[in-house]
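Shown here: start_16.cif, mmCIF, C-alpha atoms.
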```cif
data_final
#
loop_
_atom_site.label_atom_id
_atom_site.label_comp_id
_atom_site.auth_asym_id
_atom_site.auth_seq_id
_atom_site.Cartn_x
_atom_site.Cartn_y
_atom_site.Cartn_z
CA MET A 1 31.56 41.93 97.78
CA ASN A 2 34.34 40.60 95.54
CA MET A 3 32.69 38.28 92.98
CA HIS A 4 35.81 36.08 92.91
CA ILE A 5 35.34 35.35 96.63
CA ASP A 6 31.79 34.17 95.86
CA GLN A 7 33.13 32.05 93.05
CA ALA A 8 35.84 30.51 95.26
CA LYS A 9 33.21 29.55 97.84
CA ARG A 10 31.04 28.06 95.08
CA ILE A 11 33.94 25.88 93.90
CA LEU A 12 34.50 24.56 97.42
CA ALA A 13 30.76 23.83 97.68
CA ALA A 14 30.71 22.11 94.26
CA ASN A 15 33.67 19.90 95.19
CA ASP A 16 32.20 18.95 98.60
CA ARG A 17 31.42 15.23 98.77
CA GLY A 18 30.01 15.15 102.29
CA GLY A 19 32.48 16.67 104.72
CA TYR A 20 35.50 16.17 102.47
CA THR A 21 36.46 18.07 99.34
CA VAL A 22 37.76 16.55 96.11
CA PRO A 23 40.52 18.61 94.42
CA THR A 24 38.45 18.76 91.21
CA ASP A 25 35.72 16.65 89.66
CA ARG A 26 36.72 13.48 87.72
CA LEU A 27 40.50 14.09 87.48
CA TYR A 28 40.87 13.71 91.29
CA PRO A 29 37.64 12.16 92.65
CA PHE A 30 38.81 11.35 96.22
CA GLN A 31 40.16 13.15 99.30
CA TRP A 32 43.80 14.18 98.92
CA ASN A 33 45.87 14.81 102.05
CA TRP A 34 47.66 18.11 101.58
CA ASP A 35 44.88 19.48 99.36
CA SER A 36 42.48 19.01 102.27
CA ALA A 37 44.72 20.86 104.73
CA PHE A 38 44.82 23.89 102.40
CA VAL A 39 41.08 23.59 101.78
CA ALA A 40 40.40 23.55 105.54
CA MET A 41 42.32 26.84 105.83
CA GLY A 42 40.08 28.25 103.09
CA PHE A 43 36.90 27.10 104.82
CA VAL A 44 38.03 28.56 108.15
CA LEU A 45 37.46 32.06 106.77
CA PHE A 46 33.71 31.50 106.44
CA ASP A 47 32.66 28.13 107.90
CA ILE A 48 34.66 26.87 110.89
CA ASP A 49 32.55 23.77 111.39
CA ARG A 50 33.13 22.70 107.77
CA ALA A 51 36.87 23.39 108.15
CA TYR A 52 37.05 20.98 111.10
CA ARG A 53 35.00 18.40 109.18
CA GLU A 54 37.58 18.42 106.38
CA LEU A 55 40.38 17.41 108.75
CA GLU A 56 38.18 14.96 110.65
CA ARG A 57 37.29 13.14 107.43
CA LEU A 58 40.98 13.00 106.43
CA VAL A 59 41.90 11.45 109.78
CA GLU A 60 39.38 8.64 109.14
CA GLY A 61 42.05 7.30 106.80
CA GLN A 62 44.90 7.41 109.35
CA TRP A 63 46.79 4.13 109.73
CA VAL A 64 47.42 2.40 113.06
CA ASP A 65 51.13 3.28 112.78
CA GLY A 66 50.25 7.01 112.49
CA MET A 67 50.66 7.59 108.76
CA ILE A 68 48.00 9.74 107.13
CA PRO A 69 47.84 8.48 103.52
CA HIS A 70 47.95 10.73 100.49
CA ILE A 71 44.51 9.55 99.27
CA VAL A 72 41.46 8.41 101.21
CA PHE A 73 39.03 6.55 98.95
CA HIS A 74 35.80 7.40 100.79
CA ALA A 75 33.59 6.43 97.83
CA PRO A 76 34.31 4.43 94.67
CA SER A 77 35.09 6.15 91.36
CA GLU A 78 36.15 4.85 87.96
CA THR A 79 37.73 8.11 86.76
CA TYR A 80 41.10 7.78 88.54
CA PHE A 81 44.10 5.42 88.32
CA PRO A 82 45.60 3.92 90.49
CA GLY A 83 42.55 3.04 92.58
CA PRO A 84 42.30 0.95 95.78
CA ASN A 85 42.80 -2.39 93.95
CA VAL A 86 46.30 -1.26 92.88
CA TRP A 87 47.37 -0.10 96.36
CA ARG A 88 46.22 -3.26 98.14
CA THR A 89 46.33 -1.68 101.59
CA GLU A 90 44.64 -3.35 104.55
CA HIS A 91 42.47 -0.69 106.12
CA THR A 92 38.85 -0.25 107.10
CA ILE A 93 38.56 2.62 104.63
CA PRO A 94 40.55 2.03 101.43
CA THR A 95 43.54 4.39 101.16
CA SER A 96 46.73 4.71 99.19
CA GLY A 97 49.88 3.34 100.83
CA ILE A 98 52.05 6.47 100.73
CA THR A 99 51.77 9.89 102.35
CA GLN A 100 51.98 13.59 101.40
CA PRO A 101 53.44 16.83 102.84
CA PRO A 102 52.22 17.27 106.45
CA VAL A 103 50.41 20.61 106.14
CA PHE A 104 47.81 19.18 108.58
CA ALA A 105 49.12 20.69 111.86
CA ILE A 106 49.61 24.10 110.19
CA ALA A 107 45.93 24.04 109.28
CA LEU A 108 44.90 22.72 112.70
CA ARG A 109 46.52 25.61 114.55
CA ARG A 110 44.77 28.11 112.26
CA LEU A 111 41.43 26.37 112.81
CA HIS A 112 41.89 26.31 116.57
CA GLU A 113 42.82 30.00 116.72
CA ALA A 114 39.85 30.97 114.55
CA ALA A 115 37.44 28.84 116.60
CA GLY A 116 38.48 30.29 119.97
CA SER A 117 38.89 28.72 123.39
CA ASP A 118 35.77 26.52 123.34
CA ALA A 119 37.18 24.54 120.41
CA GLU A 120 39.54 22.46 122.54
CA THR A 121 37.32 19.35 122.56
CA ARG A 122 37.21 19.40 118.77
CA THR A 123 40.89 20.23 118.31
CA LEU A 124 42.31 17.64 120.73
CA PRO A 125 41.55 14.43 118.75
CA LEU A 126 43.03 16.11 115.66
CA TYR A 127 46.07 17.20 117.68
CA GLU A 128 46.54 13.56 118.77
CA ALA A 129 46.31 12.44 115.14
CA ALA A 130 48.86 15.05 114.07
CA LEU A 131 51.28 14.03 116.83
CA LYS A 132 51.02 10.35 115.81
CA TRP A 133 51.73 11.35 112.22
CA HIS A 134 54.78 13.43 113.17
CA ARG A 135 56.14 10.49 115.17
CA TRP A 136 55.59 8.29 112.11
CA TRP A 137 57.56 10.71 109.91
CA TYR A 138 60.57 10.66 112.23
CA SER A 139 60.55 6.89 112.82
CA ALA A 140 59.48 5.54 109.41
CA ARG A 141 61.12 8.15 107.18
CA ASP A 142 64.18 9.17 109.18
CA PRO A 143 65.18 5.94 110.94
CA GLU A 144 68.77 7.18 111.26
CA GLY A 145 67.72 10.37 113.05
CA THR A 146 69.28 12.82 110.58
CA GLY A 147 66.48 15.40 110.86
CA LEU A 148 65.64 15.22 107.14
CA VAL A 149 62.66 13.03 106.28
CA ALA A 150 62.79 10.86 103.17
CA LEU A 151 60.26 10.19 100.46
CA LEU A 152 59.98 6.71 98.95
CA HIS A 153 57.77 7.83 96.04
CA PRO A 154 57.72 11.10 94.06
CA TRP A 155 53.99 11.44 94.75
CA GLU A 156 54.74 11.84 98.46
CA SER A 157 56.31 15.23 97.72
CA GLY A 158 53.04 16.61 96.34
CA SER A 159 55.30 17.89 93.50
CA ASP A 160 54.74 14.60 91.72
CA ASN A 161 56.46 15.14 88.40
CA SER A 162 59.23 17.56 89.42
CA PRO A 163 62.64 17.52 87.69
CA ALA A 164 63.96 17.02 91.24
CA TRP A 165 63.20 13.28 90.80
CA ASP A 166 64.64 12.76 87.31
CA ILE A 167 67.98 11.24 88.31
CA ALA A 168 66.63 9.14 91.19
CA LEU A 169 63.58 8.00 89.21
CA ALA A 170 65.66 6.98 86.17
CA ARG A 171 67.06 4.13 88.31
CA VAL A 172 63.55 2.76 88.93
CA PRO A 173 62.53 0.03 86.44
CA THR A 174 59.60 0.64 84.09
CA THR A 175 58.28 -2.91 84.59
CA THR A 176 55.03 -3.25 86.55
CA ASP A 177 52.90 -6.09 87.94
CA THR A 178 49.90 -3.82 87.46
CA PRO A 179 48.59 -2.85 84.02
CA VAL A 180 48.98 0.94 83.77
CA VAL A 181 45.65 2.39 82.68
CA ARG A 182 46.05 6.15 82.43
CA LYS A 183 42.84 8.02 83.32
CA ASP A 184 44.32 11.50 83.83
CA THR A 185 45.03 12.08 80.13
CA GLY A 186 41.33 11.56 79.39
CA HIS A 187 40.54 14.63 81.51
CA VAL A 188 43.54 16.86 80.79
CA ASP A 189 45.80 17.43 77.77
CA ALA A 190 48.62 14.83 77.78
CA ASP A 191 51.17 17.65 77.24
CA MET A 192 50.34 18.87 80.74
CA ARG A 193 50.68 15.48 82.45
CA PRO A 194 53.53 13.07 83.36
CA ARG A 195 54.90 10.91 80.53
CA ASP A 196 53.92 7.21 80.22
CA GLU A 197 57.40 5.96 81.04
CA ASP A 198 57.40 7.88 84.33
CA TYR A 199 53.92 6.59 85.13
CA ARG A 200 55.25 3.02 84.82
CA ARG A 201 58.04 3.88 87.27
CA PHE A 202 55.50 5.41 89.68
CA ILE A 203 53.50 2.15 89.55
CA HIS A 204 56.63 -0.03 89.84
CA LEU A 205 57.25 1.69 93.21
CA VAL A 206 53.65 1.06 94.32
CA ASP A 207 54.01 -2.65 93.41
CA THR A 208 57.32 -2.87 95.31
CA TYR A 209 55.88 -1.46 98.54
CA ALA A 210 52.63 -3.42 98.28
CA ALA A 211 54.84 -6.54 98.12
CA CYS A 212 56.39 -5.38 101.45
CA GLY A 213 52.91 -5.33 102.96
CA TRP A 214 53.43 -1.57 103.37
CA GLU A 215 55.63 -2.25 106.40
CA PRO A 216 57.89 0.84 106.91
CA ALA A 217 61.15 -0.98 107.77
CA ARG A 218 60.82 -3.39 104.84
CA GLN A 219 59.95 -0.55 102.48
CA TRP A 220 62.99 1.41 103.68
CA GLU A 221 65.19 -1.58 102.94
CA LYS A 222 63.71 -2.35 99.50
CA ALA A 223 63.08 1.21 98.25
CA PRO A 224 64.65 1.84 94.82
CA PHE A 225 63.79 5.54 95.32
CA LYS A 226 64.76 7.33 98.54
CA VAL A 227 65.22 11.10 98.73
CA ALA A 228 65.72 13.13 101.92
CA GLU A 229 63.58 16.02 100.83
CA ILE A 230 63.77 19.68 101.80
CA GLN A 231 60.29 20.85 100.81
CA THR A 232 58.65 18.11 102.88
CA THR A 233 61.05 18.58 105.80
CA ALA A 234 60.48 22.35 105.76
CA ILE A 235 56.70 21.84 105.85
CA LEU A 236 57.10 19.23 108.61
CA LEU A 237 59.16 21.70 110.65
CA LYS A 238 56.58 24.49 110.26
CA ALA A 239 53.83 22.02 111.17
CA GLY A 240 56.03 20.93 114.10
CA GLU A 241 56.27 24.52 115.37
CA ASP A 242 52.47 24.79 115.22
CA LEU A 243 52.05 21.40 116.90
CA GLU A 244 54.47 22.39 119.68
CA HIS A 245 52.46 25.60 120.16
CA LEU A 246 49.23 23.59 120.53
CA ALA A 247 50.93 21.12 122.91
CA ARG A 248 51.94 24.00 125.21
CA LEU A 249 48.46 25.52 124.92
CA PHE A 250 46.91 22.24 126.06
CA GLY A 251 49.43 21.78 128.88
CA ARG A 252 50.95 18.72 127.18
CA THR A 253 54.46 19.42 128.44
CA GLU A 254 55.96 16.02 127.59
CA ASP A 255 54.57 16.17 124.07
CA ALA A 256 55.95 19.69 123.68
CA ILE A 257 59.46 18.55 124.70
CA GLU A 258 59.30 15.61 122.27
CA ILE A 259 58.08 17.81 119.39
CA ALA A 260 60.69 20.50 120.14
CA ALA A 261 63.42 17.85 119.85
CA PHE A 262 62.09 16.78 116.42
CA ASN A 263 61.96 20.42 115.36
CA ASN A 264 65.52 21.18 116.50
CA ARG A 265 66.85 18.17 114.64
CA SER A 266 65.12 19.20 111.42
CA ARG A 267 66.10 22.86 111.80
CA LYS A 268 69.81 21.93 111.99
CA ALA A 269 69.51 19.44 109.16
CA LEU A 270 67.77 21.92 106.85
CA MET A 271 70.40 24.59 107.51
CA ALA A 272 73.08 22.09 106.49
CA GLN A 273 71.37 21.74 103.07
CA TRP A 274 72.02 25.39 102.15
CA ARG A 275 74.29 25.70 99.10
CA PRO A 276 75.63 29.28 98.73
CA ASP A 277 76.93 28.60 95.20
CA LEU A 278 73.39 27.66 94.06
CA ALA A 279 71.70 30.28 96.28
CA ARG A 280 69.15 27.69 97.42
CA PHE A 281 68.68 24.61 99.56
CA VAL A 282 69.07 21.07 98.16
CA SER A 283 67.60 17.65 98.87
CA ARG A 284 69.80 14.55 99.16
CA ASP A 285 69.49 11.32 97.18
CA LEU A 286 69.98 8.67 99.88
CA ILE A 287 70.77 5.94 97.38
CA SER A 288 73.61 7.75 95.58
CA GLY A 289 74.48 9.96 98.56
CA GLU A 290 74.53 12.99 96.25
CA ASP A 291 72.87 16.40 96.43
CA VAL A 292 69.76 16.81 94.28
CA GLU A 293 70.82 19.91 92.37
CA ALA A 294 67.75 20.15 90.12
CA ALA A 295 66.57 23.77 90.17
CA THR A 296 63.02 23.61 91.56
CA GLN A 297 60.79 25.58 93.93
CA ALA A 298 61.68 23.16 96.76
CA GLY A 299 65.00 25.00 97.19
CA PHE A 300 63.12 28.06 98.51
CA ILE A 301 60.49 26.42 100.73
CA PRO A 302 62.78 26.38 103.83
CA LEU A 303 61.95 30.11 104.09
CA LEU A 304 58.67 28.86 105.59
CA SER A 305 60.19 27.37 108.72
CA LEU A 306 63.67 28.82 109.24
CA ASP A 307 64.69 32.19 110.66
CA LEU A 308 67.54 32.72 108.24
CA ASP A 309 70.60 34.95 108.53
CA ARG A 310 70.06 38.15 106.61
CA GLN A 311 72.65 37.25 103.93
CA VAL A 312 71.08 33.83 103.32
CA ALA A 313 67.55 35.25 103.06
CA GLU A 314 68.80 37.98 100.70
CA ALA A 315 70.62 35.45 98.51
CA LEU A 316 67.44 33.34 98.28
CA VAL A 317 65.31 36.36 97.44
CA SER A 318 67.77 37.58 94.77
CA GLU A 319 67.69 34.12 93.19
CA MET A 320 63.87 34.11 93.29
CA LYS A 321 63.89 37.44 91.45
CA VAL A 322 66.16 35.99 88.75
CA TRP A 323 63.72 33.09 88.24
CA SER A 324 60.69 35.40 88.15
CA LYS A 325 62.11 37.97 85.75
CA ASP A 326 59.78 38.76 82.82
CA LEU A 327 57.26 36.09 83.83
CA LYS A 328 53.56 36.85 83.70
CA VAL A 329 52.93 34.73 86.82
CA ALA A 330 55.49 33.87 89.48
CA PHE A 331 56.70 31.60 91.06
CA PRO A 332 57.86 28.93 88.60
CA THR A 333 58.37 25.39 89.93
CA THR A 334 61.45 24.93 87.71
CA LYS A 335 64.07 27.51 86.81
CA PRO A 336 63.10 29.06 83.46
CA GLY A 337 65.37 28.29 80.54
CA ILE A 338 67.06 25.14 81.85
CA ALA A 339 66.73 21.83 79.96
CA SER A 340 64.01 20.41 82.24
CA TRP A 341 61.85 23.57 82.18
CA GLU A 342 58.36 22.91 80.71
CA PRO A 343 56.05 25.81 81.59
CA LYS A 344 52.82 23.83 81.00
CA ARG A 345 53.75 20.37 82.28
CA TYR A 346 52.69 19.22 85.73
CA TRP A 347 55.30 20.39 88.31
CA ARG A 348 58.00 21.03 85.68
CA GLY A 349 57.58 24.80 85.49
CA PRO A 350 54.04 25.99 86.21
CA ALA A 351 53.15 28.36 89.06
CA TRP A 352 50.88 26.95 91.79
CA ALA A 353 48.83 29.12 94.16
CA ILE A 354 49.59 26.88 97.16
CA ILE A 355 53.37 26.94 96.57
CA ASN A 356 53.10 30.73 96.37
CA TRP A 357 51.12 30.73 99.63
CA LEU A 358 53.95 28.82 101.38
CA LEU A 359 56.57 31.12 99.86
CA ILE A 360 54.60 34.25 100.85
CA ASP A 361 54.44 33.06 104.47
CA GLY A 362 58.18 32.30 104.33
CA LEU A 363 59.11 35.66 102.81
CA ASN A 364 57.08 37.46 105.47
CA ARG A 365 58.73 35.40 108.20
CA ASN A 366 62.17 36.35 106.90
CA GLY A 367 61.57 40.10 106.59
CA HIS A 368 60.84 40.36 102.87
CA ALA A 369 57.24 41.61 103.06
CA ASP A 370 57.62 43.63 99.83
CA VAL A 371 58.55 40.54 97.79
CA ALA A 372 55.78 38.58 99.52
CA GLU A 373 53.25 41.26 98.57
CA GLU A 374 54.40 41.23 94.94
CA LEU A 375 53.96 37.45 94.80
CA ARG A 376 50.56 37.70 96.50
CA ARG A 377 49.37 40.21 93.88
CA SER A 378 50.76 38.13 91.02
CA THR A 379 48.88 35.05 92.29
CA ILE A 380 45.61 36.91 92.78
CA ALA A 381 45.84 38.53 89.34
CA ALA A 382 46.46 35.13 87.70
CA ILE A 383 43.37 33.64 89.37
CA GLU A 384 41.16 36.66 88.65
CA THR A 385 42.22 36.60 84.98
CA GLU A 386 42.21 32.86 84.29
CA GLY A 387 39.95 31.35 86.94
CA PHE A 388 40.61 28.71 89.59
CA ALA A 389 42.91 26.45 87.58
CA GLU A 390 45.11 23.77 89.13
CA TYR A 391 48.21 25.72 88.05
CA PHE A 392 49.33 28.48 85.66
CA ASP A 393 51.77 28.74 82.78
CA PRO A 394 54.21 31.36 84.15
CA VAL A 395 55.05 32.71 80.68
CA THR A 396 51.56 33.19 79.22
CA GLY A 397 49.57 33.17 82.46
CA GLN A 398 47.24 30.50 81.02
CA GLY A 399 45.33 28.38 83.57
CA CYS A 400 46.28 24.71 83.09
CA GLY A 401 45.54 21.24 84.47
CA GLY A 402 42.27 20.64 86.27
CA LEU A 403 39.77 23.52 86.46
CA GLY A 404 37.46 24.59 89.30
CA PHE A 405 40.26 23.53 91.61
CA SER A 406 39.68 23.43 95.37
CA TRP A 407 43.08 24.42 96.70
CA THR A 408 43.34 27.31 94.25
CA ALA A 409 39.97 28.54 95.57
CA ALA A 410 41.20 28.14 99.18
CA ALA A 411 44.46 29.94 98.38
CA TYR A 412 42.53 32.78 96.76
CA LEU A 413 40.36 33.22 99.88
CA TRP A 414 43.43 33.17 102.10
CA LEU A 415 45.57 35.52 99.96
CA GLU A 416 42.75 37.90 99.14
CA ARG A 417 41.63 38.44 102.70
CA SER A 418 44.36 40.97 103.43
CA ALA A 419 47.64 42.39 102.27
CA VAL A 420 48.91 42.16 105.83
CA PRO A 421 51.21 39.23 106.69
CA ALA A 422 49.48 36.30 108.42
#
```

Just dump the structure as structure tokens.
Amino acid sequence: MNMHIDQAKRILAANDRGGYTVPTDRLYPFQWNWDSAFVAMGFVLFDIDRAYRELERLVEGQWVDGMIPHIVFHAPSETYFPGPNVWRTEHTIPTSGITQPPVFAIALRRLHEAAGSDAETRTLPLYEAALKWHRWWYSARDPEGTGLVALLHPWESGSDNSPAWDIALARVPTTTDTPVVRKDTGHVDADMRPRDEDYRRFIHLVDTYAACGWEPARQWEKAPFKVAEIQTTAILLKAGEDLEHLARLFGRTEDAIEIAAFNNRSRKALMAQWRPDLARFVSRDLISGEDVEAATQAGFIPLLSLDLDRQVAEALVSEMKVWSKDLKVAFPTTKPGIASWEPKRYWRGPAWAIINWLLIDGLNRNGHADVAEELRRSTIAAIETEGFAEYFDPVTGQGCGGLGFSWTAAAYLWLERSAVPA
């Protein structure tokens, strides 16, 4: 038995708070949305019941309008800012007021397939929740029906501090109604975390939307930050394919037709964001109307949900190789060597096991199994050398951020289980 597998399971057990898993103790003491979807896919390899519980607990936080928030505050904690009093959301269970990448339906399909045919009664309520959330994405975050969904806060991307937001975020004021009390820098070196000025902008956005009563149409109108984002749209499309598959499995023909229409719209829209001169896809700043040309991992995530022409896939893969050259751990979240590249700072350069997992699935989908296998090995080696860190410095390989991290443990279990494409 691989001792690292044992260790990964121990981390998931240590971070279990009663049917939901915290990303890591103290730094992130609640249930995070996309973390939990990855964690559920880790649990499915050895405890299907616990995998379902993870998603069921997340759905407890779902809003009436269908949104699944990025944080569910199941139990109080003083070690994290901003807590429920800052979000001021009106829900039975306190939650944040924004969302996160919809990995949920991707996880749900994997759970259902692992559980077998008798799982339908347990999968169905989660399927309904996923469908409501997908409808929310297309109505609340793509009211004009473009096929690309927009983020109104950098935290919704999951890539919170990415250089992709620098231009759009610079227009957001640093004034806040809420005193900004950083807790993260008490747990982790400040050099690895977002800067104070950006934190004030993050909180300014929270204040703005709280003042809208978290009502989607009013937020859309007032948002000083609005980016039609390719990483999120690509994940939504992959989740949409899995949701459509489940709809057909359950004989929900009308749902399947509705979901297929969403998927087709996003597929076309994503393809239109390909920029051959950059050899990657780009997001669009809806306030300036301009492409977001920042060189980040998001430009490669459409591999996950598109069946690309051979030339496009090859151009993407060649560009990925340029970024990965001479690095100890791939794949960097910012292009090495450019002005915004910071190999240790949160989402401004480090390699993340879950981003690699998405890229590996995408490379396999698009016929580049050899590159996928190389990335899989690089990720596994980083974890086996440095432990289950939140992320890794691509240059030195050092584990950074929070330690004993749940989604890194889940990714390890998933990537280790076989060298054969999923």

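The smallest atom-to-atom distance between Gln297 (chain A) and any of A:Gly42, A:Pro276, A:Pro163, A:Pro194, using all atoms listed in the file, is found for A:Pro163.
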
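Considering the residues A:Lys268, A:Arg141, A:His91, A:Lys9 and counting only C-alpha atoms, Ala410 (chain A) has its shortest atom-to-atom contact with A:Lys9.
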
Around (51.0, 14.0, 82.1), as given in the file, which residues come within 12 Å? Count all atoms listed in the file and list them as a PDB file with C-alpha atoms, keeping the file's coordinate frame.
```pdb
ATOM      1  CA  LEU A  27      40.500  14.090  87.480  1.00  0.00           C
ATOM      2  CA  ASP A 160      54.740  14.600  91.720  1.00  0.00           C
ATOM      3  CA  ASN A 161      56.460  15.140  88.400  1.00  0.00           C
ATOM      4  CA  SER A 162      59.230  17.560  89.420  1.00  0.00           C
ATOM      5  CA  ARG A 182      46.050   6.150  82.430  1.00  0.00           C
ATOM      6  CA  LYS A 183      42.840   8.020  83.320  1.00  0.00           C
ATOM      7  CA  ASP A 184      44.320  11.500  83.830  1.00  0.00           C
ATOM      8  CA  THR A 185      45.030  12.080  80.130  1.00  0.00           C
ATOM      9  CA  GLY A 186      41.330  11.560  79.390  1.00  0.00           C
ATOM     10  CA  HIS A 187      40.540  14.630  81.510  1.00  0.00           C
ATOM     11  CA  VAL A 188      43.540  16.860  80.790  1.00  0.00           C
ATOM     12  CA  ASP A 189      45.800  17.430  77.770  1.00  0.00           C
ATOM     13  CA  ALA A 190      48.620  14.830  77.780  1.00  0.00           C
ATOM     14  CA  ASP A 191      51.170  17.650  77.240  1.00  0.00           C
ATOM     15  CA  MET A 192      50.340  18.870  80.740  1.00  0.00           C
ATOM     16  CA  ARG A 193      50.680  15.480  82.450  1.00  0.00           C
ATOM     17  CA  PRO A 194      53.530  13.070  83.360  1.00  0.00           C
ATOM     18  CA  ARG A 195      54.900  10.910  80.530  1.00  0.00           C
ATOM     19  CA  ASP A 196      53.920   7.210  80.220  1.00  0.00           C
ATOM     20  CA  GLU A 197      57.400   5.960  81.040  1.00  0.00           C
ATOM     21  CA  ASP A 198      57.400   7.880  84.330  1.00  0.00           C
ATOM     22  CA  TYR A 199      53.920   6.590  85.130  1.00  0.00           C
ATOM     23  CA  GLU A 342      58.360  22.910  80.710  1.00  0.00           C
ATOM     24  CA  LYS A 344      52.820  23.830  81.000  1.00  0.00           C
ATOM     25  CA  ARG A 345      53.750  20.370  82.280  1.00  0.00           C
ATOM     26  CA  TYR A 346      52.690  19.220  85.730  1.00  0.00           C
ATOM     27  CA  TRP A 347      55.300  20.390  88.310  1.00  0.00           C
ATOM     28  CA  ARG A 348      58.000  21.030  85.680  1.00  0.00           C
ATOM     29  CA  CYS A 400      46.280  24.710  83.090  1.00  0.00           C
ATOM     30  CA  GLY A 401      45.540  21.240  84.470  1.00  0.00           C
ATOM     31  CA  GLY A 402      42.270  20.640  86.270  1.00  0.00           C
TER      32      GLY A 402
END
```

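Using only C-alpha atoms, the nearest neighbour of Pro154 (chain A) within the list A:Arg376, A:Arg365, A:His70, A:Arg122 is A:His70.
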
Residues in the PyMOL selection byres ((chain A and resi 203-216) around 9), expressed as an MDAnalysis selection string | chainID A and resid 82 86:90 97:98 139:141 152:153 172:180 198:202 217:225

Residue members of the PyMOL selection byres ((chain A and resi 249) around 12) in the file shown, as a short mmCIF file (atom, residue, chain, number, x, y, z; two decimals) with C-alpha atoms, in the frame of the given file:
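Written out: selection25.cif:
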```
data_model
loop_
_atom_site.label_atom_id
_atom_site.label_comp_id
_atom_site.auth_asym_id
_atom_site.auth_seq_id
_atom_site.Cartn_x
_atom_site.Cartn_y
_atom_site.Cartn_z
CA ARG A 109 46.52 25.61 114.55
CA HIS A 112 41.89 26.31 116.57
CA GLU A 113 42.82 30.00 116.72
CA SER A 117 38.89 28.72 123.39
CA GLU A 120 39.54 22.46 122.54
CA THR A 123 40.89 20.23 118.31
CA LEU A 124 42.31 17.64 120.73
CA TYR A 127 46.07 17.20 117.68
CA ASP A 242 52.47 24.79 115.22
CA LEU A 243 52.05 21.40 116.90
CA GLU A 244 54.47 22.39 119.68
CA HIS A 245 52.46 25.60 120.16
CA LEU A 246 49.23 23.59 120.53
CA ALA A 247 50.93 21.12 122.91
CA ARG A 248 51.94 24.00 125.21
CA PHE A 250 46.91 22.24 126.06
CA GLY A 251 49.43 21.78 128.88
CA ARG A 252 50.95 18.72 127.18
CA THR A 253 54.46 19.42 128.44
CA ASP A 255 54.57 16.17 124.07
CA ALA A 256 55.95 19.69 123.68
#
```

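Among A:Trp136, A:Trp407, A:Phe392, A:Phe300, the residue with the shortest atom-to-atom distance to Lys321 (chain A), counting only C-alpha atoms, is A:Phe300.
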
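CA of Gly397 (chain A) to CA of Phe281 (chain A) spans 27.0 Å [interatomic distance, one decimal].
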
With the file shown as input, list the residues that the PyMOL selection byres ((chain A and resi 360) around 9) selects, as a tab-separated table (two decimals) with C-alpha atoms, in the frame of the given file.
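As a result, result.tsv now contains:
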```tsv
chain	number	residue	atom	x	y	z
A	304	LEU	CA	58.67	28.86	105.59
A	355	ILE	CA	53.37	26.94	96.57
A	356	ASN	CA	53.10	30.73	96.37
A	357	TRP	CA	51.12	30.73	99.63
A	358	LEU	CA	53.95	28.82	101.38
A	359	LEU	CA	56.57	31.12	99.86
A	361	ASP	CA	54.44	33.06	104.47
A	362	GLY	CA	58.18	32.30	104.33
A	363	LEU	CA	59.11	35.66	102.81
A	364	ASN	CA	57.08	37.46	105.47
A	365	ARG	CA	58.73	35.40	108.20
A	368	HIS	CA	60.84	40.36	102.87
A	369	ALA	CA	57.24	41.61	103.06
A	371	VAL	CA	58.55	40.54	97.79
A	372	ALA	CA	55.78	38.58	99.52
A	373	GLU	CA	53.25	41.26	98.57
A	375	LEU	CA	53.96	37.45	94.80
A	376	ARG	CA	50.56	37.70	96.50
A	421	PRO	CA	51.21	39.23	106.69
```

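As for CA of Phe104 (chain A) and CA of Phe38 (chain A), they are spaced 8.3 Å apart.
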
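Using all atoms listed in the file for every distance, the candidate list A:Gly367, A:Gly349, A:Phe262, A:Ala272 yields A:Gly367 as the residue closest to Glu314 (chain A).
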
Output as JSON the centre and edge lengths (Å, one decimal) of the box along x, y and z of the file that holds every listed atom of region 284-291 of chain A after adding 6 Å on each side.
```
{"center_x": 72.0, "center_y": 11.2, "center_z": 97.7, "size_x": 17.0, "size_y": 22.5, "size_z": 16.3}
```

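Residue nearest Ile383 (chain A) within the list A:Thr396, A:Gln100, A:Thr408, A:Ser266: A:Thr408 [criterion: smallest interatomic distance, only C-alpha atoms].
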
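Between CA of Ser406 (chain A) and CA of Ala330 (chain A) there is a distance of 19.8 Å.
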
Neighbour list for Ala114 (chain A) as JSON, numbers by chain, cut-off 12 Å, all atoms listed in the file, skip fewer than 4 positions in-chain | {"A": [40, 41, 42, 43, 44, 45, 46, 47, 48, 49, 51, 52, 107, 108, 109, 110, 118, 119, 120, 123]}

Based on the selection just made, write C-alpha atoms of those residues as a tab-separated table (two decimals), keeping the file's coordinate frame.
```
chain	number	residue	atom	x	y	z
A	40	ALA	CA	40.40	23.55	105.54
A	41	MET	CA	42.32	26.84	105.83
A	42	GLY	CA	40.08	28.25	103.09
A	43	PHE	CA	36.90	27.10	104.82
A	44	VAL	CA	38.03	28.56	108.15
A	45	LEU	CA	37.46	32.06	106.77
A	46	PHE	CA	33.71	31.50	106.44
A	47	ASP	CA	32.66	28.13	107.90
A	48	ILE	CA	34.66	26.87	110.89
A	49	ASP	CA	32.55	23.77	111.39
A	51	ALA	CA	36.87	23.39	108.15
A	52	TYR	CA	37.05	20.98	111.10
A	107	ALA	CA	45.93	24.04	109.28
A	108	LEU	CA	44.90	22.72	112.70
A	109	ARG	CA	46.52	25.61	114.55
A	110	ARG	CA	44.77	28.11	112.26
A	118	ASP	CA	35.77	26.52	123.34
A	119	ALA	CA	37.18	24.54	120.41
A	120	GLU	CA	39.54	22.46	122.54
A	123	THR	CA	40.89	20.23	118.31
```
